[in-house]
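Student: To start, I am sharing the structure in question, which I have written as structure tokens.
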Amino acid sequence: MSFTICTSSELTYPYVEGLRNAKANRVASKSFIMAGGYVKNHYVQASCPDARKVVISSHLVPGHLEGSFMGKKWQEEPRKKLEFVRTLLIDNYDSYTYNIYQELSVINGLPPVVVRNDEYTWKDICHFLYEEGAFDNIVISPGPGSPTCPADIGVCLQLLLQCWDIPILGVCLGHQALGYAHGAQIIHASEPIHGRLSEIEHTGCKLFANIPSGRNSGFKVVRYHSLVIDAKTLPKELIPIAWTSSDDTLSFLETQRFDVISDAYESERQQEKFDSILERLKNGSYWSSSHSNGTKSGKVVMGIRHATWPHYGVQFHPESVATTYGRQIFKNFREITKDYWLRMSSSFSSDRNIHYTVSMQLPHASRLFRAVHTGGQSAKKADVRFCGEACSGGQLMQDADKKNFGFLHMVNVLPPSMGANFLRLKWRKFDHLASEVGGARNMFSELYGKNKAENTFWLDSSSTEKGRARFSFMGGKGGSLWKQLTFRLSEDSEVASNRGGHLLIEDADGSTNSTFLEEGFFEYLNKELLSLCHEENDYEGLPFEFYGGFIGYIGYNLKVECGAASNYHKSTTPDACFFFADNLVVIDHHSDDVYILSLHEGNTTTTPWLDDTEKKLVSLKASVTRKLDEQNVQAVASSQHKQHFHSEKSREQYVRDVEKCLKYIKDGESYELCLTTCIRKTIGQVDPLRLYLHLREKNPAPYAAWLNFSKQNLSICSSSPERFLRLDRNGVLEAKPIKGTIARGVTLEEDEQLKLQLQFSEKDQAENLMIVDLLRNDLGRVCEPGTVHVPHLMEVESYATVHTMVSTIRGKKQSNVSAVACVKAAFPGGSMTGAPKLRSMELLDSIESCSRGIYSGSIGFFSYNQTFDLNIVIRTVVIHGNEASIGAGGAIVALSDPEKEYEEMILKTRAPANAVMEFQ
């Protein structure tokens with residue numbers, strides 16, 4: 001085996017962190033069982049001194065792998081350069097793996113195969129790598145924890161030690177694993193760095209080809225890590241190739257320039273304004289210091305390579321949306337791989353079976369190619385097609401699907417030929433009617449407000465400024481297709497494998513039927529939607545996406561159907577409640593038009609509901625609004641002896657919980673933890689609808705909602721400003737996570753200053769960036785490669801009581817993925833969990849003292865034609881029985897201050913809590 005060694009300059013490196021502290025303690029392997037008994041398959045928790053021995057018995061000499069057949073077939077003639085590259089992507093249970101997947105799918109010309117680090121034995125991996133010759137290279141993903149812990153790193157150390165003849169790239173945790181496998185120590189960084197950027201200098205070796213180096217070069221990378229390789233302990237086999245340029249980190253907006261503005265004068269003015277804002281903020285007391293703990297990090301190793309093997313590692317995240325030249329790094333690794341195999345013998349590689357590899361792709365992977373051919377790299381892109389038949393490796397990936405994602409068995413499920421329901425839609429439009437009849441509030445009150453608005457819904461775009469939302473949907477118990485679904489997870493739902501639960505179905509006649517859903521609620525909902533056939537011409541001309549179907553909420557505890565290990569706390573409210581809405585009223589707030597829609601079975605000819613509703617709309621009078629206002633004023637004025645909300649946790653306990661989160665972050669267990677709690681209040685006999693009308697007046701929001709499920713004695717009054725996920729009829733998915741919140745100012749000057757404070761807060765930008773990368777990952781699991789993008793990053797939106805920082809992520813859904821599968825890929829919303837999502841949810845379950853219930857879940861619709869729109873349940877009052885509850889919290893990151901986190905949590909309860917107190 002021959003390698004071209006990089007220049008001698010790569011063998012020397014400047015002072016890096018760790019050289020000053022020769023006695024730095026190595027981060028010991030965890031001997032404790034993680035929160036919830038988190039132990040991955042095939043590995044057991046090891047005692048601290050022996051953890052390394054569990055995985056590595058010795059450091060193997062390059063080229064002498066005992067008992068291995070590696071390299072035996074690579075000996076003869078040269079071969080052609082690969083046309084496309086087949087990657088095995090090892091997922092370390094991270095929430096950014098599918099960002100790498102998306103990049104590699106585009107760059108390699110073929111989607112990689114994703115396998116979690118503990119799914120298969122080393123023998124199985126060897127079979128696919130060497131006997132089947134299925135992959136050209138390996139990428140090891142980031143992940144929580146430490147490479148010193150077998151449960152965190154799985155099979156990766158064995159790959160790095162024994163696959164000396166296959167190109168490997170390790171990212172973050174994978175980078176640390178490369179160092180640890182060869183004897184370097186893993187230590188705590190001088191400070192955790194998550195969602196913040198650093199400038200990088202490098203040696204110019206192949207992994208960094210065509211990438212500038214050093215300060216002010218434009219090469220800035222996003223970092224998510226608390227641990228680092230101790231540079232002093234690097235063995236001679238490992239050569240540093242990249243470092244941070246300085247001990248300073250940057251917020252995202254600090255790195256931005258206005259050079260995209262074509263007018264030079266305007267560009268200069270914008271830049272002067274930008275620099276002025278930064279200077280004022282830095283001089284203010286609220287500027288978040290890059291080194292708030294008073295330490296200096298020194299230059300940190302950001303990249304290493306093996307001296308003779310084709311193995312590389314980078315500590316930063318090239319897949320992040322804010323990393324510059326990230327795609328170039330993956331392209332360089334592709335070229336390293338191609339050059340490597342070009343040097344090797346052709347006999348082994350040319351026999352590698354492309355048919356085998358493509359058949360192993362995850363069922364939701366993009367079908368980039370049209371036909372499958374055997375014979376190595378001779379296949380042309382236009383001729384390759386996904387192989388769905390049972391062929392070599394097929395069972396491997398079928399098993400992987402079940403273990404990894406849960407939702408994948410929903411993909412490519414066609415509506416059943418037997419028992420399918422053919423639905424038809426009839427609708428009418430009334431131009432400019434909404435304002436003439438008193439607006440949305442008056443319409444809902446008159447049409448559905450009687451009898452305490454029992455069994456009614458209202459997806460209420462009560463804040464439509466700046467195009468945030470456009471349509472409102474309302475309705476109640478309707479025609480013959482109406483039904484209500486009420487789902488509760490079983491008592492065994494604390495174990496993920498027992499995610500089933502009890503479903504109660506009530507039909508339009510009031511009859512009920514109970515059944516146990518072994519596969520869970522999402523699977524049931526998916527089958528229901530897929531059984532509905534329709535005619536697209538029926539809704540042609542309608543400007544909105546909901547034409548009838550399921551409308552309701554998904555509770556946070558349904559995370560166990562989306563990959564979470566368990567639920568520590570059982571919800572007192574149902575875990576999901578939905579109506580099947582066959583009749584609804586829609587308001588277009590932009591045009592002031594009103595639509596009424598009626599969904600019916602194909603053989604139905606009459607639609608009396610349309611006639612009846614048209615008569616009611618025409619006869620409405622706006623005076624009803626004034627009457628309701630007067631009643632609300634009287635209710636507030638007559639209120640006496642108000643009982644205040646009480647919190648599940650005291651200020652002191654919440655601060656201690658934040659400190660627990662910071663400890664987990666410091667140890668590398670999470671990058672960001674979205675800690676929450678709940679406040680409660682006994683409210684006695686109130687009219688929940690009037691309470692909601694009061695809340696929407698005080699705190700209007702684009703994704704507000706009212707839901708009433710009378711038999712569950714449950715009303716939901718939501719003033720949510722956050723969209724979770726939306727799928728339109730063109731197959732475009734959109735998420736709009738909120739991370740970063742600050743109160744409005746009293747004066748215009750103070751308000752603008754607070755807005756700027758949020759905009760340029762390093763902490764809030766870090767929070768937002770981490771969740772944007774997480775949502776890119778979640779969409780990347782179900783979107784076509786190359787389509788996931790971020791059209792709006794860290795924009796500040798202003799509401800009645802707060803400013804918030806919002807980003808928008810979009811992608812094109814793969815055609816063979818169902819609507820429910822998209823939701824399962826991203827639920828619960830990353831803005832309510834943190835990253836990596838699975839580990840973070842597990843840690844949060846152990847810290848929080850009660851179930852989140854409906855809070856942190858989603859409210860919205862699933863249209864019968866497979867579109868959907870769901871919010872994040874925040875700023876919401878849940879009235880269950882005689883109690884009102886409000887959930888709130890915030891993202892804990894390395895820069896968090898525990899006292900300020902408590903204050904932010906209280907701020908988020910203020911609007912809904914005040915609405916309850918003022919109303920009662």
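Just remember, in the structure tokens the first chain shown is A, the second B, etc., residues are 1-based per chain, and ligands are 1-based in the order shown.
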Determine which residues of segment 418-638 of chain A receive a DSSP assignment of alpha helix (DSSP H), computed from the backbone, and state them as a ChimeraX atom specification.
Tutor: /A:439-448,521-530,608-619,623-637
Student: Using only C-alpha atoms, what table do you get, as a Markdown table, when you list each residue of segment 746-799 of chain A with an atom no more than 12 Å from segment 702-705 of chain A, its nearest pair of atoms, and their distance in Å rounded to one decimal, rows by chain then rising number?
Tutor:
| residue | atom | partner | partner_atom | distance |
| --- | --- | --- | --- | --- |
| A:Glu797 | CA | A:Pro702 | CA | 11.4 |
| A:Ser798 | CA | A:Pro702 | CA | 11.6 |
| A:Tyr799 | CA | A:Pro702 | CA | 9.8 |
Student: Could the residues in this selection be saved with C-alpha atoms as a compact mmCIF listing (two decimals), in the first residue's frame?
Tutor:
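File selection-v9.txt, as written:
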# COMPACT_ATOMS: atom_id res chain seq x y z
CA GLU A 797 -40.44 38.89 14.85
CA SER A 798 -42.36 41.12 17.24
CA TYR A 799 -45.59 40.18 19.01
Student: For a quick check of understanding, using only C-alpha atoms, which of A:Lys477, A:Lys81, A:His502, A:Arg441 has the smallest distance to Trp341 of chain A?
Tutor: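 Among the listed residues, A:Lys81 lies closest to Trp341 of chain A.
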Student: Residues within 9 Å of segment 319-336 of chain A, please, as a short mmCIF file (atom, residue, chain, number, x, y, z; two decimals) with N, CA, C and O atoms, in the first residue's frame. Count only C-alpha atoms; anything in the same chain fewer than 2 positions from it doesn't count.
Tutor:
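Once everything was written out, this is selection_16.cif:
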data_model
loop_
_atom_site.label_atom_id
_atom_site.label_comp_id
_atom_site.auth_asym_id
_atom_site.auth_seq_id
_atom_site.Cartn_x
_atom_site.Cartn_y
_atom_site.Cartn_z
N PHE A 84 -19.23 7.29 -8.96
CA PHE A 84 -19.91 7.78 -7.78
C PHE A 84 -19.42 6.97 -6.59
O PHE A 84 -18.85 5.90 -6.74
N VAL A 85 -19.65 7.49 -5.40
CA VAL A 85 -19.04 6.94 -4.19
C VAL A 85 -20.13 6.42 -3.26
O VAL A 85 -21.15 7.09 -3.04
N TYR A 96 -27.81 15.51 13.83
CA TYR A 96 -27.28 16.19 12.65
C TYR A 96 -26.82 15.21 11.58
O TYR A 96 -26.31 15.62 10.53
N THR A 97 -26.99 13.93 11.82
CA THR A 97 -26.52 12.90 10.89
C THR A 97 -27.11 13.08 9.51
O THR A 97 -26.43 12.91 8.49
N ASN A 99 -28.07 15.75 8.05
CA ASN A 99 -27.48 16.85 7.31
C ASN A 99 -26.27 16.35 6.52
O ASN A 99 -26.05 16.74 5.37
N ILE A 100 -25.50 15.47 7.14
CA ILE A 100 -24.40 14.82 6.43
C ILE A 100 -24.95 13.95 5.31
O ILE A 100 -24.43 13.93 4.19
N GLN A 102 -27.66 14.31 3.59
CA GLN A 102 -28.09 15.15 2.46
C GLN A 102 -26.88 15.60 1.64
O GLN A 102 -26.90 15.55 0.40
N GLU A 103 -25.83 16.06 2.31
CA GLU A 103 -24.64 16.51 1.60
C GLU A 103 -24.02 15.39 0.78
O GLU A 103 -23.68 15.57 -0.40
N LEU A 104 -23.86 14.23 1.39
CA LEU A 104 -23.21 13.12 0.70
C LEU A 104 -24.07 12.61 -0.45
O LEU A 104 -23.54 12.16 -1.48
N ILE A 107 -23.23 15.03 -3.24
CA ILE A 107 -21.83 15.04 -3.64
C ILE A 107 -21.39 13.70 -4.21
O ILE A 107 -20.67 13.64 -5.22
N ASN A 108 -21.83 12.61 -3.60
CA ASN A 108 -21.38 11.27 -4.02
C ASN A 108 -22.12 10.75 -5.23
O ASN A 108 -21.67 9.82 -5.89
N ASN A 137 -16.29 4.19 1.18
CA ASN A 137 -15.75 4.89 2.34
C ASN A 137 -16.74 4.86 3.49
O ASN A 137 -17.87 4.39 3.33
N PRO A 167 -11.09 4.41 3.32
CA PRO A 167 -11.12 5.82 3.74
C PRO A 167 -12.23 6.07 4.76
O PRO A 167 -13.37 5.63 4.58
N ILE A 168 -11.89 6.78 5.84
CA ILE A 168 -12.84 7.09 6.90
C ILE A 168 -12.71 8.57 7.26
O ILE A 168 -11.61 9.10 7.37
N LEU A 169 -13.87 9.22 7.45
CA LEU A 169 -13.92 10.59 7.94
C LEU A 169 -14.76 10.61 9.21
O LEU A 169 -15.93 10.21 9.19
N LEU A 197 -19.13 29.97 16.29
CA LEU A 197 -18.23 29.81 15.15
C LEU A 197 -16.81 30.18 15.51
O LEU A 197 -16.56 31.02 16.38
N LYS A 206 -5.00 17.42 1.73
CA LYS A 206 -6.06 17.13 0.75
C LYS A 206 -7.47 17.39 1.29
O LYS A 206 -8.35 17.81 0.53
N LEU A 207 -7.71 17.14 2.57
CA LEU A 207 -9.05 17.35 3.11
C LEU A 207 -9.45 18.82 3.05
O LEU A 207 -10.65 19.14 3.00
N PHE A 208 -8.48 19.73 3.05
CA PHE A 208 -8.77 21.16 3.03
C PHE A 208 -8.34 21.82 1.72
O PHE A 208 -8.10 23.03 1.67
N ALA A 209 -8.26 21.02 0.68
CA ALA A 209 -7.90 21.57 -0.63
C ALA A 209 -8.94 22.62 -1.06
O ALA A 209 -10.14 22.47 -0.85
N ASN A 210 -8.44 23.70 -1.65
CA ASN A 210 -9.28 24.79 -2.18
C ASN A 210 -10.10 25.50 -1.10
O ASN A 210 -11.17 26.05 -1.37
N ILE A 211 -9.58 25.49 0.13
CA ILE A 211 -10.23 26.17 1.24
C ILE A 211 -9.22 27.14 1.85
O ILE A 211 -8.10 26.74 2.16
N PRO A 212 -9.59 28.41 2.02
CA PRO A 212 -8.65 29.37 2.61
C PRO A 212 -8.35 29.03 4.06
O PRO A 212 -9.06 28.24 4.69
N GLY A 218 -12.21 33.94 5.73
CA GLY A 218 -13.56 33.53 5.32
C GLY A 218 -13.89 32.10 5.66
O GLY A 218 -15.03 31.66 5.46
N PHE A 219 -12.92 31.34 6.19
CA PHE A 219 -13.18 29.95 6.57
C PHE A 219 -13.60 29.93 8.04
O PHE A 219 -12.77 30.01 8.95
N LYS A 220 -14.92 29.86 8.26
CA LYS A 220 -15.49 29.84 9.61
C LYS A 220 -16.34 28.60 9.76
O LYS A 220 -17.08 28.23 8.85
N VAL A 221 -16.21 27.96 10.91
CA VAL A 221 -16.89 26.69 11.13
C VAL A 221 -17.73 26.75 12.40
O VAL A 221 -17.44 27.51 13.31
N VAL A 222 -18.79 25.94 12.42
CA VAL A 222 -19.66 25.83 13.59
C VAL A 222 -19.17 24.69 14.46
O VAL A 222 -18.87 23.60 13.98
N ARG A 223 -19.12 24.95 15.76
CA ARG A 223 -18.64 23.96 16.71
C ARG A 223 -19.76 23.55 17.66
O ARG A 223 -20.51 24.40 18.14
N PHE A 252 -23.02 34.01 14.91
CA PHE A 252 -23.25 33.91 13.47
C PHE A 252 -23.31 35.29 12.82
O PHE A 252 -22.69 35.53 11.79
N PRO A 310 -5.89 6.10 5.27
CA PRO A 310 -6.75 7.17 4.73
C PRO A 310 -7.85 7.57 5.72
O PRO A 310 -9.04 7.54 5.39
N TYR A 312 -9.35 10.45 8.48
CA TYR A 312 -9.36 11.87 8.81
C TYR A 312 -10.42 12.15 9.86
O TYR A 312 -11.41 11.42 9.98
N PHE A 316 -15.07 20.16 14.17
CA PHE A 316 -16.21 21.03 13.89
C PHE A 316 -17.24 20.30 13.04
O PHE A 316 -17.08 19.12 12.68
N HIS A 317 -18.31 21.00 12.69
CA HIS A 317 -19.43 20.40 11.95
C HIS A 317 -19.49 20.98 10.54
O HIS A 317 -20.11 22.04 10.32
N LYS A 338 -11.79 8.56 -4.13
CA LYS A 338 -11.59 8.15 -5.52
C LYS A 338 -10.11 7.92 -5.82
O LYS A 338 -9.74 6.91 -6.47
N ASP A 339 -9.27 8.83 -5.35
CA ASP A 339 -7.83 8.68 -5.60
C ASP A 339 -7.29 7.44 -4.91
O ASP A 339 -6.42 6.73 -5.45
N TYR A 340 -7.78 7.17 -3.74
CA TYR A 340 -7.31 5.99 -2.99
C TYR A 340 -7.61 4.70 -3.76
O TYR A 340 -6.73 3.86 -3.96
N TRP A 341 -8.86 4.56 -4.21
CA TRP A 341 -9.22 3.32 -4.90
C TRP A 341 -8.57 3.23 -6.28
O TRP A 341 -8.36 2.14 -6.80
N LEU A 769 -29.33 28.55 16.06
CA LEU A 769 -28.55 27.80 15.06
C LEU A 769 -28.60 26.31 15.33
O LEU A 769 -28.73 25.50 14.39
N MET A 770 -28.51 25.92 16.59
CA MET A 770 -28.54 24.49 16.91
C MET A 770 -29.87 23.86 16.50
O MET A 770 -29.90 22.74 15.99
N VAL A 772 -31.97 25.08 14.19
CA VAL A 772 -32.05 25.10 12.73
C VAL A 772 -31.34 23.87 12.14
O VAL A 772 -31.88 23.19 11.26
N ASP A 773 -30.15 23.59 12.62
CA ASP A 773 -29.44 22.40 12.13
C ASP A 773 -30.19 21.13 12.46
O ASP A 773 -30.20 20.17 11.68
N ARG A 776 -33.11 20.92 10.01
CA ARG A 776 -32.57 20.52 8.71
C ARG A 776 -32.35 19.01 8.68
O ARG A 776 -32.63 18.34 7.68
N HIS A 789 -33.20 23.66 2.63
CA HIS A 789 -32.52 24.95 2.66
C HIS A 789 -33.13 25.85 3.72
O HIS A 789 -34.20 25.54 4.28
N VAL A 790 -32.46 26.95 4.01
CA VAL A 790 -32.88 27.88 5.06
C VAL A 790 -33.05 29.26 4.44
O VAL A 790 -32.11 30.05 4.39
#
Student: Run DSSP on the backbone and give me the residues of segment 820-908 of chain A it puts in strand (DSSP E), as an MDAnalysis selection string.
Tutor: chainID A and resid 834:835 858:863 868:871 876:880 883:892
Student: Mind checking which residues fall within 10 Å of Tyr664 of chain A, counting only C-alpha atoms, ignoring those fewer than 5 positions away in the same chain, and posting them as a list in words?
Tutor: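 Contacts, with the query itself left out: Pro144, Gly145, Ser226, Val658, Glu659, Glu669, Ser670, Tyr671, Glu672, Leu673, Ser840, Leu843 and Ala894 of chain A.
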Student: What does the structure give for the distance between atom CA of Lys666 of chain A and atom CA of Gly829 of chain A, in Å to one decimal?
Tutor: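 Straight-line distance from atom CA of Lys666 of chain A to atom CA of Gly829 of chain A works out to 23.7 Å.
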Student: Which one is closest to Leu662 of chain A: A:Thr464, A:Ser896, A:Asn421, A:Ser815? Count only C-alpha atoms.
Tutor: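 Using only C-alpha atoms, Leu662 of chain A sits closest to A:Ser896.
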Student: Please list as an MDAnalysis selection string every residue within 6 Å of segment 872-881 of chain A, counting only C-alpha atoms and excluding residues in the same chain fewer than 4 positions away.
Tutor: chainID A and resid 713:720 722:724 855:858 885:886
Student: Would you mind reading off the distance between atom CA of Val686 of chain A and atom CA of Asn882 of chain A, one decimal, in Å?
Tutor: 8.5 Å
Student: At what distance in Å, to one decimal, does atom CA of Trp706 of chain A lie from atom CA of Ile683 of chain A?
Tutor: 18.0 Å
Student: Give the answer as one residue: which of A:Lys615, A:Lys452, A:Lys123, A:Lys681 has the shortest atom-to-atom distance to Asn708 of chain A, using only C-alpha atoms?
Tutor: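 Answer, going by the shortest atom-to-atom distance: A:Lys452.
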Student: Check the smallest atom-to-atom distance from each of A:Glu119, A:Leu758, A:Gly552, A:Ser95 to Gly834 of chain A using only C-alpha atoms, then report the winner.
Tutor: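 Looking only at the distances to Gly834 of chain A, the closest residue turns out to be A:Ser95.
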Student: Could you list, as a VMD selection string, every residue within 6 Å of Gly853 of chain A, counting only C-alpha atoms and ignoring same-chain residues fewer than 5 positions away?
Tutor: chain A and resid 555 to 556 571
Student: Can you pull out every residue within 12 Å of Leu503 of chain A, counting only C-alpha atoms, but drop anything in the same chain fewer than 5 positions away, and send it as JSON, numbers by chain?
Tutor: {"A": [484, 485, 486, 487, 488, 489, 490, 512, 513, 514, 515, 516, 517, 518, 519, 520, 521, 522, 524, 525, 574, 575, 576, 577, 578]}
